[in-house]
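**Student:** My structure is stored as structure.tsv, with TSV, C-alpha atoms and all ligand atoms.
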chain	number	residue	atom	x	y	z
A	266	MET	CA	28.77	-9.32	19.07
A	267	ILE	CA	25.50	-10.63	17.64
A	268	SER	CA	25.69	-13.05	14.71
A	269	CYS	CA	25.03	-12.17	11.06
A	270	ALA	CA	21.81	-14.21	11.19
A	271	GLU	CA	20.57	-12.21	14.17
A	272	ALA	CA	21.52	-8.88	12.59
A	273	VAL	CA	19.92	-9.74	9.25
A	274	ARG	CA	16.74	-11.03	10.84
A	275	GLN	CA	15.90	-7.54	12.09
A	276	LEU	CA	17.22	-5.29	9.35
A	277	TRP	CA	13.79	-4.15	8.16
A	278	GLU	CA	12.73	-3.45	11.72
A	279	TYR	CA	16.01	-1.57	12.13
A	280	LEU	CA	15.15	0.54	9.08
A	281	ASP	CA	11.61	1.07	10.37
A	282	ALA	CA	13.03	2.13	13.76
A	283	THR	CA	10.80	-0.41	15.50
A	284	VAL	CA	13.67	-2.20	17.29
A	285	ASP	CA	14.39	-1.18	20.87
A	286	PRO	CA	17.45	1.03	21.51
A	287	ALA	CA	19.59	-1.77	22.96
A	288	ARG	CA	18.95	-3.93	19.89
A	289	ARG	CA	19.61	-1.00	17.63
A	290	ALA	CA	23.04	-0.47	19.23
A	291	GLU	CA	23.88	-4.16	18.77
A	292	ILE	CA	22.94	-4.02	15.09
A	293	ASP	CA	24.94	-0.78	14.64
A	294	ASP	CA	27.98	-2.47	16.21
A	295	HIS	CA	27.59	-5.45	13.93
A	296	LEU	CA	27.20	-3.34	10.80
A	297	SER	CA	30.31	-1.33	11.62
A	298	LEU	CA	32.35	-4.54	11.40
A	299	CYS	CA	30.56	-6.68	8.82
A	300	ALA	CA	30.65	-5.82	5.12
A	301	ARG	CA	28.26	-8.59	4.14
A	302	CYS	CA	25.54	-7.34	6.44
A	303	CYS	CA	26.07	-3.84	5.06
A	304	GLY	CA	25.32	-5.38	1.66
A	305	GLU	CA	22.16	-6.92	3.14
A	306	LEU	CA	21.20	-3.53	4.55
A	307	GLU	CA	21.67	-1.79	1.22
A	308	PHE	CA	19.62	-4.48	-0.48
A	309	ALA	CA	16.84	-4.10	2.11
A	310	VAL	CA	16.76	-0.36	1.35
A	311	GLU	CA	16.40	-1.10	-2.39
A	312	MET	CA	13.67	-3.69	-1.77
A	313	ARG	CA	11.73	-1.14	0.23
A	314	ARG	CA	12.15	1.42	-2.54
A	315	LEU	CA	10.80	-1.11	-5.05
A	316	LEU	CA	7.67	-1.53	-2.92
A	317	ALA	CA	7.27	2.19	-2.26
A	318	ASP	CA	7.54	2.94	-6.00
A	319	SER	CA	5.02	0.34	-7.10
A	320	GLY	CA	2.12	2.78	-6.68
A	321	GLY	CA	3.08	5.28	-9.31
A	322	PRO	CA	1.40	8.23	-11.01
A	323	GLU	CA	0.21	6.48	-14.19
A	324	LEU	CA	-3.07	4.71	-14.67
A	325	PRO	CA	-3.91	2.34	-17.55
A	326	GLU	CA	-6.04	4.33	-20.04
A	327	ASP	CA	-9.00	1.93	-19.96
A	328	VAL	CA	-9.07	1.98	-16.15
A	329	ARG	CA	-8.87	5.77	-16.09
A	330	GLY	CA	-11.73	6.00	-18.56
A	331	ARG	CA	-14.02	3.70	-16.58
A	332	LEU	CA	-13.26	5.32	-13.23
A	333	ASN	CA	-13.70	8.83	-14.59
A	334	ARG	CA	-17.06	7.87	-16.07
A	335	LYS	CA	-18.14	6.51	-12.69
A	336	LEU	CA	-16.93	9.69	-10.99
A	337	LYS	CA	-19.05	11.84	-13.33
A	338	GLU	CA	-22.12	9.70	-12.67
A	339	LEU	CA	-22.11	10.37	-8.92
A	340	GLU	CA	-25.10	12.50	-7.94
B	82	MET	CA	-15.44	0.83	11.04
B	83	PRO	CA	-15.41	4.57	11.56
B	84	VAL	CA	-13.01	6.54	9.45
B	85	ARG	CA	-11.08	9.13	11.40
B	86	VAL	CA	-8.71	11.58	9.83
B	87	ALA	CA	-7.59	14.96	11.06
B	88	GLY	CA	-9.87	17.63	9.74
B	89	THR	CA	-12.98	15.48	9.67
B	90	THR	CA	-15.67	14.62	12.14
B	91	ASP	CA	-17.55	11.37	12.50
B	92	GLU	CA	-20.93	12.86	13.25
B	93	ARG	CA	-22.95	13.97	10.31
B	94	ALA	CA	-22.64	17.62	11.13
B	95	ALA	CA	-24.67	19.87	8.90
B	96	PRO	CA	-22.43	22.02	6.71
B	97	PRO	CA	-22.39	25.68	7.64
B	98	GLU	CA	-25.38	27.17	5.85
B	99	ARG	CA	-24.91	30.29	3.89
B	100	ARG	CA	-27.21	32.98	5.19
B	101	THR	CA	-29.44	34.05	2.40
B	102	PRO	CA	-32.34	36.45	2.46
B	103	LYS	CA	-35.59	34.60	2.90
B	104	ARG	CA	-37.59	34.26	-0.23
B	105	GLY	CA	-41.09	33.16	-0.79
B	106	PRO	CA	-41.64	29.60	-1.96
B	107	ARG	CA	-42.21	30.80	-5.52
B	108	SER	CA	-39.24	33.09	-5.99
B	109	ALA	CA	-38.54	34.51	-9.40
B	110	ALA	CA	-35.31	32.53	-9.75
B	111	GLY	CA	-37.22	29.26	-9.88
B	112	PRO	CA	-36.83	26.23	-7.60
B	113	SER	CA	-33.58	24.80	-9.03
B	114	ALA	CA	-31.35	27.86	-9.39
B	115	GLY	CA	-31.09	28.81	-5.68
B	116	PRO	CA	-27.96	28.87	-3.49
B	117	GLY	CA	-28.57	25.22	-2.50
B	118	ALA	CA	-28.19	24.02	-6.06
B	119	GLU	CA	-25.18	26.26	-6.57
B	120	ARG	CA	-23.53	24.87	-3.48
B	121	ALA	CA	-24.25	21.29	-4.54
B	122	ALA	CA	-22.59	21.95	-7.89
B	123	GLU	CA	-19.52	23.48	-6.21
B	124	ARG	CA	-19.33	20.53	-3.87
B	125	LYS	CA	-19.52	18.05	-6.72
B	126	GLN	CA	-16.81	19.90	-8.58
B	127	ALA	CA	-14.51	19.95	-5.53
B	128	PHE	CA	-15.09	16.24	-5.02
B	129	ARG	CA	-14.29	15.43	-8.66
B	130	GLU	CA	-11.08	17.44	-8.49
B	131	LEU	CA	-9.95	15.74	-5.29
B	132	VAL	CA	-10.69	12.22	-6.54
B	133	GLY	CA	-9.30	12.96	-9.99
B	134	THR	CA	-5.86	13.81	-8.61
B	135	GLN	CA	-5.86	10.77	-6.33
B	136	LEU	CA	-7.11	8.13	-8.77
B	137	PRO	CA	-3.72	6.59	-9.67
B	138	ARG	CA	-2.72	6.33	-6.06
B	139	LEU	CA	-6.04	4.83	-5.01
B	140	TYR	CA	-6.02	2.39	-7.88
B	141	TRP	CA	-2.52	1.03	-7.25
B	142	ALA	CA	-3.14	0.73	-3.52
B	143	ALA	CA	-6.32	-1.21	-4.32
B	144	ARG	CA	-4.45	-3.40	-6.80
B	145	ALA	CA	-1.95	-4.29	-4.10
B	146	LEU	CA	-4.67	-4.98	-1.55
B	147	VAL	CA	-7.42	-6.74	-3.52
B	148	GLY	CA	-5.87	-7.55	-6.93
B	149	ASP	CA	-8.43	-7.88	-9.71
B	150	ASP	CA	-11.16	-6.33	-7.56
B	151	ALA	CA	-9.24	-3.04	-7.54
B	152	GLU	CA	-11.58	-1.09	-9.83
B	153	ASP	CA	-14.64	-2.20	-7.87
B	154	ALA	CA	-12.95	-1.21	-4.61
B	155	VAL	CA	-12.10	2.26	-5.99
B	156	GLN	CA	-15.71	2.66	-7.15
B	157	ASP	CA	-17.00	1.67	-3.68
B	158	CYS	CA	-14.58	4.23	-2.25
B	159	MET	CA	-15.84	6.99	-4.56
B	160	VAL	CA	-19.48	6.30	-3.64
B	161	LYS	CA	-18.77	6.23	0.11
B	162	ALA	CA	-16.54	9.28	0.02
B	163	PHE	CA	-19.11	11.25	-1.99
B	164	GLU	CA	-21.81	10.43	0.59
B	165	ARG	CA	-19.55	11.64	3.40
B	166	PHE	CA	-17.87	14.54	1.63
B	167	ASP	CA	-19.47	17.06	3.99
B	168	GLN	CA	-17.47	15.52	6.85
B	169	LEU	CA	-14.22	16.63	5.24
B	170	HIS	CA	-13.67	20.14	6.59
B	171	ASP	CA	-9.98	20.52	5.78
B	172	PRO	CA	-9.25	20.04	2.06
B	173	VAL	CA	-5.57	19.35	2.88
B	174	ALA	CA	-6.68	16.15	4.63
B	175	GLY	CA	-8.54	15.03	1.49
B	176	PRO	CA	-5.99	12.56	0.05
B	177	ALA	CA	-5.39	10.84	3.41
B	178	TRP	CA	-9.14	10.76	4.05
B	179	LEU	CA	-9.76	9.07	0.70
B	180	ARG	CA	-7.03	6.50	1.30
B	181	ARG	CA	-8.54	5.54	4.64
B	182	ILE	CA	-11.93	5.05	3.02
B	183	LEU	CA	-10.35	3.00	0.25
B	184	ILE	CA	-8.55	0.77	2.74
B	185	ASN	CA	-11.84	0.13	4.53
B	186	CYS	CA	-13.52	-0.77	1.24
B	187	CYS	CA	-10.67	-3.17	0.46
B	188	ARG	CA	-10.90	-4.71	3.91
B	189	ASP	CA	-14.62	-5.34	3.42
B	190	ARG	CA	-13.79	-7.20	0.22
B	191	LEU	CA	-11.03	-9.24	1.87
B	192	ARG	CA	-13.33	-10.24	4.72
B	193	ALA	CA	-16.04	-11.25	2.28
B	194	ASP	CA	-13.59	-13.33	0.32
B	195	ALA	CA	-11.32	-15.13	2.78
B	196	ARG	CA	-9.68	-17.36	0.22
B	197	HIS	CA	-6.20	-17.58	1.61
B	198	PRO	CA	-5.72	-19.56	4.79
B	199	ASP	CA	-2.55	-19.06	6.81
B	200	SER	CA	-0.76	-22.13	5.52
B	201	VAL	CA	2.76	-20.85	4.96
B	202	GLY	CA	5.62	-23.06	6.11
B	203	PHE	CA	7.33	-21.00	8.77
B	204	GLU	CA	10.73	-22.70	8.63
B	205	GLU	CA	10.92	-22.45	4.86
B	206	VAL	CA	10.46	-18.71	5.03
B	207	GLU	CA	12.23	-17.67	8.22
B	208	SER	CA	15.64	-18.93	7.09
B	209	PHE	CA	15.38	-17.45	3.58
B	210	SER	CA	17.57	-14.51	2.55
B	211	LEU	CA	17.02	-13.19	-0.95
B	212	TYR	CA	20.32	-11.31	-0.77
B	213	ARG	CA	22.26	-14.50	-0.08
B	214	LYS	CA	20.22	-16.48	-2.59
B	215	ILE	CA	21.11	-14.03	-5.36
B	216	ALA	CA	24.79	-14.01	-4.38
B	217	TYR	CA	24.88	-17.80	-4.27
B	218	GLU	CA	22.94	-18.49	-7.48
B	219	ASP	CA	24.70	-15.63	-9.33
B	220	PRO	CA	22.05	-15.23	-12.05
B	221	PHE	CA	23.89	-12.43	-13.85
B	222	PRO	CA	27.50	-13.66	-14.04
B	223	TYR	CA	28.85	-10.64	-15.90
B	224	SER	CA	27.33	-8.11	-13.57
B	225	ASP	CA	29.13	-6.26	-10.81
B	226	SER	CA	25.83	-5.19	-9.24
B	227	LEU	CA	23.80	-8.36	-9.43
B	228	HIS	CA	21.48	-7.51	-6.56
B	229	LEU	CA	20.37	-4.30	-8.22
B	230	ASP	CA	20.15	-6.07	-11.56
B	231	PHE	CA	17.85	-8.59	-9.99
B	232	LEU	CA	15.52	-5.88	-8.65
B	233	GLN	CA	15.57	-4.02	-11.96
B	234	GLU	CA	14.03	-7.05	-13.66
B	235	PHE	CA	10.85	-6.34	-11.69
B	236	GLY	CA	8.42	-3.96	-13.33
B	237	ARG	CA	5.36	-2.63	-11.53
B	238	GLU	CA	3.13	-5.46	-12.77
B	239	ASP	CA	5.68	-8.00	-11.58
B	240	VAL	CA	5.77	-6.51	-8.08
B	241	HIS	CA	1.98	-6.62	-7.94
B	242	ALA	CA	1.94	-10.20	-9.20
B	243	VAL	CA	4.32	-11.19	-6.39
B	244	LEU	CA	2.19	-9.34	-3.82
B	245	ARG	CA	-0.86	-11.26	-5.01
B	246	ARG	CA	0.94	-14.48	-4.11
B	247	LEU	CA	1.04	-13.54	-0.42
B	248	PRO	CA	-1.82	-14.46	1.90
B	249	ASP	CA	-3.98	-11.44	2.84
B	250	LEU	CA	-2.79	-11.70	6.42
B	251	TYR	CA	0.76	-10.73	5.40
B	252	ARG	CA	0.13	-8.75	2.25
B	253	VAL	CA	-2.15	-6.16	3.82
B	254	PRO	CA	0.26	-4.89	6.54
B	255	LEU	CA	3.16	-5.02	4.07
B	256	VAL	CA	1.26	-2.83	1.60
B	257	LEU	CA	0.02	-0.40	4.25
B	258	VAL	CA	3.50	0.17	5.67
B	259	HIS	CA	5.77	-0.11	2.65
B	260	MET	CA	3.60	1.15	-0.18
B	261	GLU	CA	1.19	3.45	1.61
B	262	GLY	CA	3.65	4.78	4.16
B	263	PHE	CA	1.66	4.16	7.33
B	264	LEU	CA	3.57	3.57	10.56
B	265	ALA	CA	3.27	0.15	12.17
B	266	ARG	CA	1.13	1.59	14.98
B	267	GLU	CA	-1.17	3.34	12.50
B	268	THR	CA	-1.48	0.03	10.66
B	269	ALA	CA	-2.40	-1.68	13.93
B	270	GLU	CA	-5.13	0.92	14.45
B	271	ILE	CA	-6.46	0.53	10.89
B	272	LEU	CA	-6.52	-3.27	11.11
B	273	GLN	CA	-7.71	-3.22	14.73
B	274	VAL	CA	-5.07	-5.66	15.94
B	275	PRO	CA	-2.32	-5.21	18.56
B	276	LEU	CA	0.96	-3.58	17.48
B	277	GLY	CA	2.88	-6.79	18.26
B	278	THR	CA	0.67	-8.70	15.84
B	279	VAL	CA	1.35	-6.18	13.08
B	280	LEU	CA	5.11	-6.32	13.70
B	281	ALA	CA	5.09	-10.13	13.59
B	282	ARG	CA	3.03	-10.18	10.37
B	283	LEU	CA	5.27	-7.55	8.80
B	284	HIS	CA	8.36	-9.58	9.63
B	285	ARG	CA	6.92	-12.71	8.12
B	286	GLY	CA	5.37	-10.86	5.20
B	287	ARG	CA	8.73	-9.40	4.21
B	288	LYS	CA	10.42	-12.77	4.34
B	289	LEU	CA	7.62	-14.30	2.34
B	290	PHE	CA	7.80	-11.45	-0.18
B	291	GLU	CA	11.54	-12.11	-0.66
B	292	LYS	CA	10.92	-15.81	-1.15
B	293	ARG	CA	8.07	-15.27	-3.60
B	294	MET	CA	10.16	-12.76	-5.55
B	295	TRP	CA	12.79	-15.39	-6.15
B	296	ASP	CA	10.17	-18.04	-7.10
B	297	TYR	CA	8.49	-15.57	-9.45
B	298	ALA	CA	11.81	-14.61	-11.08
B	299	GLU	CA	12.61	-18.27	-11.69
B	300	GLU	CA	9.19	-19.11	-13.07
B	301	ASN	CA	8.99	-16.08	-15.35
B	302	GLY	CA	12.46	-16.16	-16.84
B	303	LEU	CA	13.67	-13.00	-15.11
B	304	LEU	CA	17.01	-14.61	-14.28
B	305	LYS	CA	18.40	-14.79	-17.79
B	306	GLY	CA	20.38	-11.59	-17.57
B	307	GLY	CA	18.08	-9.05	-19.14
B	308	SER	CA	16.89	-11.30	-21.97
B	309	ARG	CA	13.30	-10.13	-21.57
C	401	ZN	ZN	27.16	-9.76	9.46
Go through the file and emit its structure as structure tokens.

**Tutor:**
Amino acid sequence: MISCAEAVRQLWEYLDATVDPARRAEIDDHLSLCARCCGELEFAVEMRRLLADSGGPELPEDVRGRLNRKLKELE
Amino acid sequence: MPVRVAGTTDERAAPPERRTPKRGPRSAAGPSAGPGAERAAERKQAFRELVGTQLPRLYWAARALVGDDAEDAVQDCMVKAFERFDQLHDPVAGPAWLRRILINCCRDRLRADARHPDSVGFEEVESFSLYRKIAYEDPFPYSDSLHLDFLQEFGREDVHAVLRRLPDLYRVPLVLVHMEGFLARETAEILQVPLGTVLARLHRGRKLFEKRMWDYAEENGLLKGGSR
């Protein structure tokens, strides 16, 4: 079985599905037996959510005002 | 760099003209009230609506890519997109089309301002695990979900502040994939580098992001158990 260090090193790639199938199977095997790496995996998922959510629908009012003014000026 | 999105064409194809009965040069309606002017007004309105709905998204993507230059980058994007609006034939492709233009505008700014050299200690970063660091340092001793508690200390401005601490080389692919939702191979195409290069920069960028999150949390008092 691959080591925790090896499994952890590629967790984001595993989540992105950019690891090759053989590697994926090795990581799956490791995760099925290692609670700590499952914790790492869960944490990686949350980290990715944090990044994905840092766009967001709100805009600071002053920024919105300036950008909207610019938009109206376009001719 | 050309911008290619489904539903658009690169060549400056003339928009389909509406067939209108030929009028003399001095028609009764006057020179400014013809179908051309009407169409221009409709086009401007459609453009404003499209950009209006996308402004928050464009702004936060620009913040992540070029920091304090974000507003200028969004303005560049609006000007360029307005000039090329006739190339957008499928309105559904509008948001993706705008994002591509924005990313190009941000890239122009990054190229013009290459402040950050690639001077990150590889060893320091490669062996770092934020998960283990949090477990080991145990910053929230009374918590039974300390990893989530750690992440919850980070507001949107904090995440952007951490991103700004990464060199462009790593921040840009990280933002394109994990904030903007592009695939690694799409990112390679946007940045015009091989896929392997993008994957390597993503790997290192993530590690660096974890490390800088911990540094930022320490420096900004985020580790005092929700005392902010
Ligand atoms: Zn393990």

**Student:** When the cut-off is 8 Å and you count all atoms listed in the file, which residues lie near ligand ZN 401 (chain C), shown as a list of chain:residue names?

**Tutor:**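 So the residues close to ligand ZN 401 (chain C) are A:Ser268, A:Cys269, A:Ala270, A:Ala272, A:Val273, A:His295, A:Leu296, A:Leu298, A:Cys299, A:Ala300, A:Arg301, A:Cys302, A:Cys303.
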
**Student:** Which of these, A:Glu311, A:Arg288, A:Met266, A:Asp293, has the shortest distance to chain B once you count only C-alpha atoms?

**Tutor:**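 Among the listed residues, the smallest separation from chain B belongs to A:Glu311.
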
**Student:** Sorted by chain and rising residue number, list the residues of chain A at most 7 Å from chain B (counting only C-alpha atoms), each with its closest atom pair and distance in Å to one decimal, as JSON lines.

**Tutor:**
{"residue": "A:Glu305", "atom": "CA", "partner": "B:Tyr212", "partner_atom": "CA", "distance": 6.2}
{"residue": "A:Phe308", "atom": "CA", "partner": "B:Tyr212", "partner_atom": "CA", "distance": 6.9}
{"residue": "A:Arg313", "atom": "CA", "partner": "B:His259", "partner_atom": "CA", "distance": 6.5}
{"residue": "A:Leu316", "atom": "CA", "partner": "B:Met260", "partner_atom": "CA", "distance": 5.6}
{"residue": "A:Ala317", "atom": "CA", "partner": "B:Met260", "partner_atom": "CA", "distance": 4.3}
{"residue": "A:Ser319", "atom": "CA", "partner": "B:Arg237", "partner_atom": "CA", "distance": 5.3}
{"residue": "A:Gly320", "atom": "CA", "partner": "B:Trp141", "partner_atom": "CA", "distance": 5.0}
{"residue": "A:Gly321", "atom": "CA", "partner": "B:Arg138", "partner_atom": "CA", "distance": 6.7}
{"residue": "A:Pro322", "atom": "CA", "partner": "B:Pro137", "partner_atom": "CA", "distance": 5.5}
{"residue": "A:Glu323", "atom": "CA", "partner": "B:Pro137", "partner_atom": "CA", "distance": 6.0}
{"residue": "A:Leu324", "atom": "CA", "partner": "B:Pro137", "partner_atom": "CA", "distance": 5.4}
{"residue": "A:Leu336", "atom": "CA", "partner": "B:Arg129", "partner_atom": "CA", "distance": 6.7}

**Student:** To one decimal place in Å, what is the distance between CA of Glu326 (chain A) and CA of Asn185 (chain B)?

**Tutor:**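 Distance reported for this atom pair: 25.6 Å.
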
**Student:** Can you work out the spacing between CA of Cys158 (chain B) and CA of Val173 (chain B) in Å, to one decimal?

**Tutor:**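 About the pair CA of Cys158 (chain B) and CA of Val173 (chain B): they are 18.3 Å apart.
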
**Student:** If I take CA of Glu123 (chain B) and CA of His170 (chain B), how far is one from the other in Å, to one decimal?

**Tutor:**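 Interatomic distance here is 14.5 Å.
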
**Student:** Fewer than 2 positions away in the same chain doesn't count, so skip those; otherwise give me all residues within 9 Å of Leu276 (chain A), counting only C-alpha atoms, as a list in words.

**Tutor:**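 My list of contacting residues is Ala272, Val273, Arg274, Glu278, Tyr279, Leu280, Asp281, Ile292, Glu305, Leu306 and Ala309 of chain A.
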
**Student:** Could you save those same residues with C-alpha atoms as an mmCIF file, in the frame of the given file?

**Tutor:**
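That gives us out14.cif:
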data_model
loop_
_atom_site.group_PDB
_atom_site.id
_atom_site.type_symbol
_atom_site.label_atom_id
_atom_site.label_comp_id
_atom_site.auth_asym_id
_atom_site.auth_seq_id
_atom_site.Cartn_x
_atom_site.Cartn_y
_atom_site.Cartn_z
ATOM 1 C CA ALA A 272 21.520 -8.880 12.590
ATOM 2 C CA VAL A 273 19.920 -9.740 9.250
ATOM 3 C CA ARG A 274 16.740 -11.030 10.840
ATOM 4 C CA GLU A 278 12.730 -3.450 11.720
ATOM 5 C CA TYR A 279 16.010 -1.570 12.130
ATOM 6 C CA LEU A 280 15.150 0.540 9.080
ATOM 7 C CA ASP A 281 11.610 1.070 10.370
ATOM 8 C CA ILE A 292 22.940 -4.020 15.090
ATOM 9 C CA GLU A 305 22.160 -6.920 3.140
ATOM 10 C CA LEU A 306 21.200 -3.530 4.550
ATOM 11 C CA ALA A 309 16.840 -4.100 2.110
#

**Student:** May I ask which of the residues B:Ala269, B:Leu191, B:Val274, B:Leu169 is the closest one to Gly148 (chain B), counting only C-alpha atoms?

**Tutor:**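 Of B:Ala269, B:Leu191, B:Val274, B:Leu169, the one nearest Gly148 (chain B) is B:Leu191, counting only C-alpha atoms.
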
**Student:** Measuring between only C-alpha atoms, which one of B:Ile215, B:Pro220, B:Leu131, B:Val147 shows the shortest distance to Leu179 (chain B)?

**Tutor:**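 Looking at the shortest contact to Leu179 (chain B), the residue is B:Leu131.
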
**Student:** Check the smallest atom-to-atom distance from each of B:Leu303, B:Leu289, B:Asp189, B:Arg181 to Glu267 (chain B) using only C-alpha atoms, then report the winner.

**Tutor:**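 Selected residue with least distance to Glu267 (chain B): B:Arg181.
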
**Student:** B:Ser226, B:Glu234, B:Gly302, B:Glu130: which is nearest Gly304 (chain A), counting only C-alpha atoms?

**Tutor:** B:Ser226
